[in-house]
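In what follows, a single structure is set out as structure tokens and then discussed.
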Amino acid sequence: MTEIRPEPEAGDDDFVPSRILVAEIAEAIDEDNGARLHALLDPLHGADIADLIEQLTPQRRQRLVRLYSGEFDAEIISEIDESIREEVIEQLPAEVLADAVREMDSDDVVDLVEDMEGPGRETILSALDQSDRAAVEQSLNWPEHSAGRLMQSEVVAAPEHWTVGEAIDYLRSEDWLPDQFYHMILVDPRRHPVGYVTLGRLLSSQRGTRLRDITEDSFRTISARQDEGDVAYAFNKYHIISAPVVDDHDRLVGVITIDDAMTVLDEEHEEDMLRLSGVNTDSHVSDSALATARQRLPWLVANLFTASLSALVIAQFEDTIATLVVLAALMPIVASTGGIAGTQSLAVAVRALATRDLNRSTAPRVIRRELVAGVLNGLGLALILGLVGMLVFGDARLGAVLAMAMIVNQIVAALGGVLVPLTLERFGLDPALASGTFVTTLTDVMGFLAFLGLATWLLI
């Protein structure tokens with residue numbers, strides 16, 4: 001009898017395992033029902049199984065691995081988040097892990113073992129054939145976060161003098177070819193890449209056509225030492241599908257495909273988002289509460305020290321606040337609005353730096369734009385707060401102080417959101433790592449200083 005599953009609840013994401021399915025799998029694990037667990041997981045894609053594993057508690061995860069271990073393949077292992085991947089690998093039987101590793105392309109094996117040490121790493125490497133192990137170890141010799149670590153060593157190459165017929169016959173006769181590839185790379189006698197041909201052009205051309213006559217204009221090589229972020233940027237900018245990787249002597253050593261480049265882009269965007277929030281880039285939703293607190297505490301402590309600067313500014317105006325207590329209620333309005341504006345400007349600037357849209361040549365134009373935007377936002381908010389000061393508190397001078405302080409803080413926030421990350425990058429620091437703390441401190445200090453300073457001058 002075919003099992004009828006409940007329809008997904010409204011609001012469930014089509015590309016994320018439903019809450020009902022997760023609950024059913026948790027129930028099967030709790031009941032130690034391996035047959036039911038297999039029935040639930042077998043129809044799923046490897047990436048969905050990886051998602052499910054990440055959603056489980058550590059205890060259920062361990063029991064799932066025990067019940068389903070025989071079905072773990074390369075796709076599931078490579079899709080599991082790095083934060084728990086090693087934990088899962090340690091629980092897999094050696095023969096299952098060996099079979100899965102042998103199915104992987106060399107770049108996936110490198111990704112799997114580059115952060116591992118000791119017996120775990122050796123277990124995976126020893127499962128590979130001698131030639132595959134040599135290819136992985138060669139990739140590991142390249143610098144971390146370089147194209148050499150990102151590339152796969154399985155390269156489909158051919159002499160530049162071959163014809164289409166010779167190339168097709170070669171492809172049909174080989175059984176080692178990668179599961180997915182997009183180009184046949186042409187090399188000279190010294191194995192220097194000189195061009196490539198797409199599979200579409202290869203299959204649509206006459207057998208007697210020379211490969212060198214149907215090469216693509218998009219051809220470009222990438223040094224194995226090139227930073228992976230620059231590689232991803234090049235793929236995105238020039239719409240590259242795959243690119244050959246060369247060593248220090250310009251010899252072909254591997255190829256990078258678009259899926260790996262886009263993964264790097266996604267990881268860099270994720271890192272920027274986390275760093276802007278002061279969160280460790282290794283954080284994951286599957287982390288324990290203790291691990292999460294330990295990762296975040298240093299940034300919170302740092303924020304205590306920066307927040308103390310605002311407290312020092314406020315302390316200088318104790319007499320002013322004591323004379324006009326309403327100022328204490330209005331101070332957070334100026335500071336928080338400036339903080340939001342600074343965060344908006346900062347997010348745009350950090351993103352533009354990552355995509356190379358913000359550089360030395362475009363910086364003056366971007367700074368002028370942010371300055372004008374800050375003035376316009378300040379004037380708009382000043383009008384609103386000026387009216388509030390007059391209508392709610394019945395004091396036109398208080399309204400004027402609010403309005404002027406808001407204009408000052410919006411300008412500071414807009415400029416700080418651009419100038420702080422630009423300055424950090426100029427000194428070789430990651431703009432996403434510390435910009436948020438500096439910009440927030442700047443807007444708070446300047447907001448309190450402008451508001452309380454103007455109040456002291458005009459109202460006391």
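Just so we're on the same page: first chain in the structure tokens is A, next is B, and so on; residues restart at 1 for each chain, and ligands are numbered from 1 in the order they show up.
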
DSSP on the backbone: which residues in range 146-330 of chain A end up as strand (DSSP E or B)? Give the answer as a PyMOL selection string. chain A and resi 146+152+157-159+163+183-187+193-198+210+222-223+227+242-246+252-257

Store the residues picked out above in a file with C-alpha atoms, as a JSON list (two decimals), in the first residue's frame.
[["chain", "number", "residue", "atom", "x", "y", "z"],
["A", 146, "SER", "CA", 43.08, 30.29, -3.09],
["A", 152, "GLN", "CA", 38.95, 20.25, -9.18],
["A", 157, "ALA", "CA", 41.72, 18.59, -22.00],
["A", 158, "ALA", "CA", 42.78, 17.96, -25.60],
["A", 159, "PRO", "CA", 45.64, 18.99, -27.92],
["A", 163, "THR", "CA", 39.46, 17.79, -34.74],
["A", 183, "HIS", "CA", 34.28, 22.87, -21.68],
["A", 184, "MET", "CA", 37.02, 20.88, -23.33],
["A", 185, "ILE", "CA", 40.22, 22.81, -22.65],
["A", 186, "LEU", "CA", 42.79, 23.02, -25.45],
["A", 187, "VAL", "CA", 46.47, 22.82, -24.52],
["A", 193, "PRO", "CA", 45.91, 26.26, -21.87],
["A", 194, "VAL", "CA", 45.31, 28.14, -25.15],
["A", 195, "GLY", "CA", 41.51, 28.08, -25.40],
["A", 196, "TYR", "CA", 38.40, 26.05, -24.75],
["A", 197, "VAL", "CA", 35.40, 24.69, -26.61],
["A", 198, "THR", "CA", 31.89, 24.35, -25.18],
["A", 210, "ARG", "CA", 39.55, 21.90, -36.00],
["A", 222, "ILE", "CA", 43.24, 31.75, -13.38],
["A", 223, "SER", "CA", 46.38, 31.44, -11.29],
["A", 227, "ASP", "CA", 42.32, 34.60, -3.96],
["A", 242, "SER", "CA", 34.28, 27.34, -16.08],
["A", 243, "ALA", "CA", 37.92, 28.43, -16.20],
["A", 244, "PRO", "CA", 41.22, 26.54, -16.32],
["A", 245, "VAL", "CA", 43.62, 26.97, -13.39],
["A", 246, "VAL", "CA", 47.36, 27.21, -14.02],
["A", 252, "LEU", "CA", 47.13, 23.42, -16.57],
["A", 253, "VAL", "CA", 46.52, 21.92, -13.11],
["A", 254, "GLY", "CA", 42.75, 22.08, -12.68],
["A", 255, "VAL", "CA", 39.48, 23.76, -13.49],
["A", 256, "ILE", "CA", 37.00, 25.85, -11.50],
["A", 257, "THR", "CA", 33.30, 25.62, -12.35]]

Tell me, as JSON, numbers by chain, which residues lie within 9 Å of Ala127 in chain A, counting only C-alpha atoms; anything in the same chain fewer than 5 positions away does not count. {"A": [94, 95, 97, 98, 99, 101, 102, 122, 133]}

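Here CA of Ala39 in chain A is placed at a distance of 18.5 Å from CA of Glu75 in chain A.
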
As a PyMOL selection string, please: every residue in range 195-425 of chain A that a backbone DSSP assignment puts in alpha helix (DSSP H). chain A and resi 199-204+228-238+258-276+289-315+318-323+326-354+363-391+396-425

Determine, counting only C-alpha atoms, which protein, DNA and RNA residues have an atom within 12 Å of an atom of Ile321 in chain A; residues of the same chain fewer than 4 positions away are not included. Present the result as a PyMOL selection string. chain A and resi 314-317+325-331+448+451-453+455-456+459-460

Could the residues in this selection be saved with N, CA, C and O atoms as a compact mmCIF listing (two decimals), in the first residue's frame?
# COMPACT_ATOMS: atom_id res chain seq x y z
N ILE A 314 27.15 62.19 27.89
CA ILE A 314 25.93 62.55 28.63
C ILE A 314 26.28 63.11 30.01
O ILE A 314 25.64 64.07 30.50
N ALA A 315 27.31 62.53 30.63
CA ALA A 315 27.69 62.98 31.97
C ALA A 315 28.14 64.43 32.00
O ALA A 315 28.03 65.11 33.03
N GLN A 316 28.63 64.93 30.86
CA GLN A 316 29.07 66.33 30.81
C GLN A 316 27.90 67.31 30.85
O GLN A 316 28.09 68.51 31.04
N PHE A 317 26.68 66.79 30.64
CA PHE A 317 25.50 67.68 30.59
C PHE A 317 24.51 67.34 31.69
O PHE A 317 23.30 67.49 31.53
N VAL A 325 14.22 68.09 32.40
CA VAL A 325 14.17 66.62 32.45
C VAL A 325 13.64 66.03 31.15
O VAL A 325 14.01 64.91 30.79
N VAL A 326 12.84 66.76 30.39
CA VAL A 326 12.26 66.23 29.16
C VAL A 326 13.35 65.84 28.16
O VAL A 326 13.14 65.00 27.28
N LEU A 327 14.54 66.44 28.30
CA LEU A 327 15.64 66.10 27.39
C LEU A 327 16.00 64.62 27.49
O LEU A 327 16.38 64.00 26.49
N ALA A 328 15.92 64.05 28.70
CA ALA A 328 16.26 62.64 28.89
C ALA A 328 15.33 61.73 28.10
O ALA A 328 15.74 60.67 27.61
N ALA A 329 14.07 62.16 27.96
CA ALA A 329 13.11 61.34 27.20
C ALA A 329 13.32 61.47 25.70
O ALA A 329 13.00 60.55 24.94
N LEU A 330 13.88 62.60 25.25
CA LEU A 330 14.02 62.84 23.81
C LEU A 330 15.38 62.42 23.26
O LEU A 330 15.52 62.25 22.05
N MET A 331 16.39 62.25 24.14
CA MET A 331 17.72 61.88 23.65
C MET A 331 17.74 60.61 22.80
O MET A 331 18.38 60.57 21.74
N PHE A 448 24.15 62.66 20.86
CA PHE A 448 24.02 63.21 22.23
C PHE A 448 24.72 64.56 22.35
O PHE A 448 24.21 65.49 22.98
N PHE A 451 22.63 67.26 20.45
CA PHE A 451 21.34 67.54 21.09
C PHE A 451 21.53 68.26 22.42
O PHE A 451 20.93 69.32 22.67
N LEU A 452 22.37 67.71 23.28
CA LEU A 452 22.56 68.30 24.59
C LEU A 452 23.34 69.61 24.51
O LEU A 452 23.10 70.54 25.30
N GLY A 453 24.27 69.69 23.58
CA GLY A 453 25.03 70.92 23.42
C GLY A 453 24.13 72.07 22.96
O GLY A 453 24.21 73.19 23.49
N ALA A 455 20.88 72.17 23.33
CA ALA A 455 19.93 72.46 24.40
C ALA A 455 20.55 73.37 25.45
O ALA A 455 19.90 74.30 25.96
N THR A 456 21.81 73.10 25.78
CA THR A 456 22.49 73.95 26.77
C THR A 456 22.63 75.37 26.25
O THR A 456 22.48 76.35 27.01
N LEU A 459 18.46 76.61 25.42
CA LEU A 459 17.33 76.46 26.31
C LEU A 459 17.66 76.78 27.79
O LEU A 459 16.77 77.08 28.57
N ILE A 460 18.93 76.70 28.15
CA ILE A 460 19.27 76.89 29.57
C ILE A 460 19.74 78.33 29.82
O ILE A 460 20.57 78.85 29.09

Just checking: using only C-alpha atoms, which residue out of A:Asn141, A:Thr440, A:Ser361, A:Gln130 ends up closest to Glu114 in chain A?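 Of A:Asn141, A:Thr440, A:Ser361, A:Gln130, the one nearest Glu114 in chain A is A:Asn141, counting only C-alpha atoms.
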
All residues 9 Å or closer to Met446 in chain A, only C-alpha atoms, same chain fewer than 5 positions away omitted, as an NGL selection string: :A and (310 or 313 or 335 or 405 or 408-409 or 412 or 441 or 451)

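If you look at CA of Ala413 in chain A and CA of Ala373 in chain A, they are 10.4 Å away from each other.
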
Find the spatial neighbours of Glu71 in chain A, counting only C-alpha atoms, within a cut-off of 9 Å - ignore same-chain residues fewer than 2 positions away - and output them as a list of chain:residue names. A:His38, A:Asp42, A:Tyr68, A:Ser69, A:Asp73, A:Val96

Top pick for closest residue to Asp32 in chain A, considering A:Leu454, A:Asp395, A:Ile240, A:Leu64 and counting only C-alpha atoms: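 Between A:Leu454, A:Asp395, A:Ile240, A:Leu64, the residue approaching Asp32 in chain A most closely is A:Leu64.
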
9 Å contact set for range 349-352 of chain A, only C-alpha atoms, chain neighbours under 3 positions out, as number ranges by chain: A: 269, 272, 276, 344-346, 355-359, 366, 417-419, 421-422, 431-432, 435

Could you write out that same residue set with C-alpha atoms as a compact mmCIF listing (two decimals), in the first residue's frame?
# COMPACT_ATOMS: atom_id res chain seq x y z
CA HIS A 269 27.97 37.57 1.52
CA ASP A 272 29.69 40.14 5.63
CA LEU A 276 28.23 43.57 10.36
CA GLN A 344 21.74 51.86 6.17
CA SER A 345 24.66 53.77 4.72
CA LEU A 346 27.14 51.22 6.09
CA THR A 355 31.40 44.00 -5.40
CA ARG A 356 34.18 46.52 -6.25
CA ASP A 357 31.59 49.19 -7.10
CA LEU A 358 33.05 51.40 -4.36
CA ASN A 359 36.72 52.12 -4.99
CA VAL A 366 29.49 58.10 -3.33
CA GLY A 417 28.58 54.83 7.04
CA VAL A 418 30.86 55.38 4.01
CA LEU A 419 34.05 56.85 5.47
CA PRO A 421 34.56 51.16 5.99
CA LEU A 422 36.67 53.03 3.41
CA PRO A 431 35.33 46.71 6.60
CA ALA A 432 32.54 44.37 7.66
CA SER A 435 32.53 49.14 10.93

Nearby residues (only C-alpha atoms) at most 9 Å from Tyr233 in chain A, same-chain spacing under 2 positions excluded, as a list in words: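 The contact residues come out as Glu228, Gly229, Asp230, Val231, Phe235, Asn236, Lys237, Tyr238, Ala261, Leu265, Ala354, Thr355 and Arg356 of chain A.
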
Store the residues of this selection in a file with N, CA, C and O atoms, as an mmCIF file, in the first residue's frame.
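Below is the file part-v3.cif, written as the result:
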data_model
loop_
_atom_site.group_PDB
_atom_site.id
_atom_site.type_symbol
_atom_site.label_atom_id
_atom_site.label_comp_id
_atom_site.auth_asym_id
_atom_site.auth_seq_id
_atom_site.Cartn_x
_atom_site.Cartn_y
_atom_site.Cartn_z
ATOM 1 N N GLU A 228 40.304 33.262 -3.736
ATOM 2 C CA GLU A 228 39.033 32.714 -4.202
ATOM 3 C C GLU A 228 37.947 33.791 -4.320
ATOM 4 O O GLU A 228 37.045 33.682 -5.158
ATOM 5 N N GLY A 229 38.034 34.842 -3.496
ATOM 6 C CA GLY A 229 37.068 35.934 -3.628
ATOM 7 C C GLY A 229 37.205 36.645 -4.956
ATOM 8 O O GLY A 229 36.206 37.011 -5.583
ATOM 9 N N ASP A 230 38.447 36.840 -5.418
ATOM 10 C CA ASP A 230 38.676 37.457 -6.726
ATOM 11 C C ASP A 230 38.195 36.541 -7.849
ATOM 12 O O ASP A 230 37.689 37.002 -8.874
ATOM 13 N N VAL A 231 38.358 35.235 -7.659
ATOM 14 C CA VAL A 231 37.889 34.272 -8.658
ATOM 15 C C VAL A 231 36.368 34.363 -8.795
ATOM 16 O O VAL A 231 35.830 34.432 -9.906
ATOM 17 N N PHE A 235 34.113 35.411 -12.117
ATOM 18 C CA PHE A 235 33.045 34.570 -12.668
ATOM 19 C C PHE A 235 31.747 35.362 -12.788
ATOM 20 O O PHE A 235 31.041 35.270 -13.785
ATOM 21 N N ASN A 236 31.443 36.123 -11.751
ATOM 22 C CA ASN A 236 30.196 36.890 -11.739
ATOM 23 C C ASN A 236 30.241 38.037 -12.739
ATOM 24 O O ASN A 236 29.256 38.310 -13.439
ATOM 25 N N LYS A 237 31.365 38.704 -12.848
ATOM 26 C CA LYS A 237 31.473 39.873 -13.724
ATOM 27 C C LYS A 237 31.489 39.489 -15.199
ATOM 28 O O LYS A 237 30.826 40.127 -16.024
ATOM 29 N N TYR A 238 32.241 38.431 -15.526
ATOM 30 C CA TYR A 238 32.428 38.070 -16.935
ATOM 31 C C TYR A 238 31.536 36.911 -17.376
ATOM 32 O O TYR A 238 31.673 36.422 -18.497
ATOM 33 N N ALA A 261 32.329 28.705 -7.727
ATOM 34 C CA ALA A 261 32.508 30.156 -7.625
ATOM 35 C C ALA A 261 31.317 30.809 -6.942
ATOM 36 O O ALA A 261 31.473 31.713 -6.106
ATOM 37 N N LEU A 265 30.867 33.123 -3.431
ATOM 38 C CA LEU A 265 30.136 34.393 -3.342
ATOM 39 C C LEU A 265 29.125 34.354 -2.207
ATOM 40 O O LEU A 265 29.009 35.300 -1.424
ATOM 41 N N ALA A 354 32.491 45.069 -1.477
ATOM 42 C CA ALA A 354 32.620 43.650 -1.804
ATOM 43 C C ALA A 354 32.473 43.402 -3.300
ATOM 44 O O ALA A 354 33.131 42.532 -3.866
ATOM 45 N N THR A 355 31.622 44.186 -3.954
ATOM 46 C CA THR A 355 31.403 44.003 -5.399
ATOM 47 C C THR A 355 32.311 44.891 -6.246
ATOM 48 O O THR A 355 32.176 44.921 -7.469
ATOM 49 N N ARG A 356 33.221 45.627 -5.603
ATOM 50 C CA ARG A 356 34.183 46.520 -6.253
ATOM 51 C C ARG A 356 33.519 47.751 -6.888
ATOM 52 O O ARG A 356 34.150 48.465 -7.660
#

Distance CA of Asn377 in chain A-CA of Ala311 in chain A, one decimal place? 26.3 Å
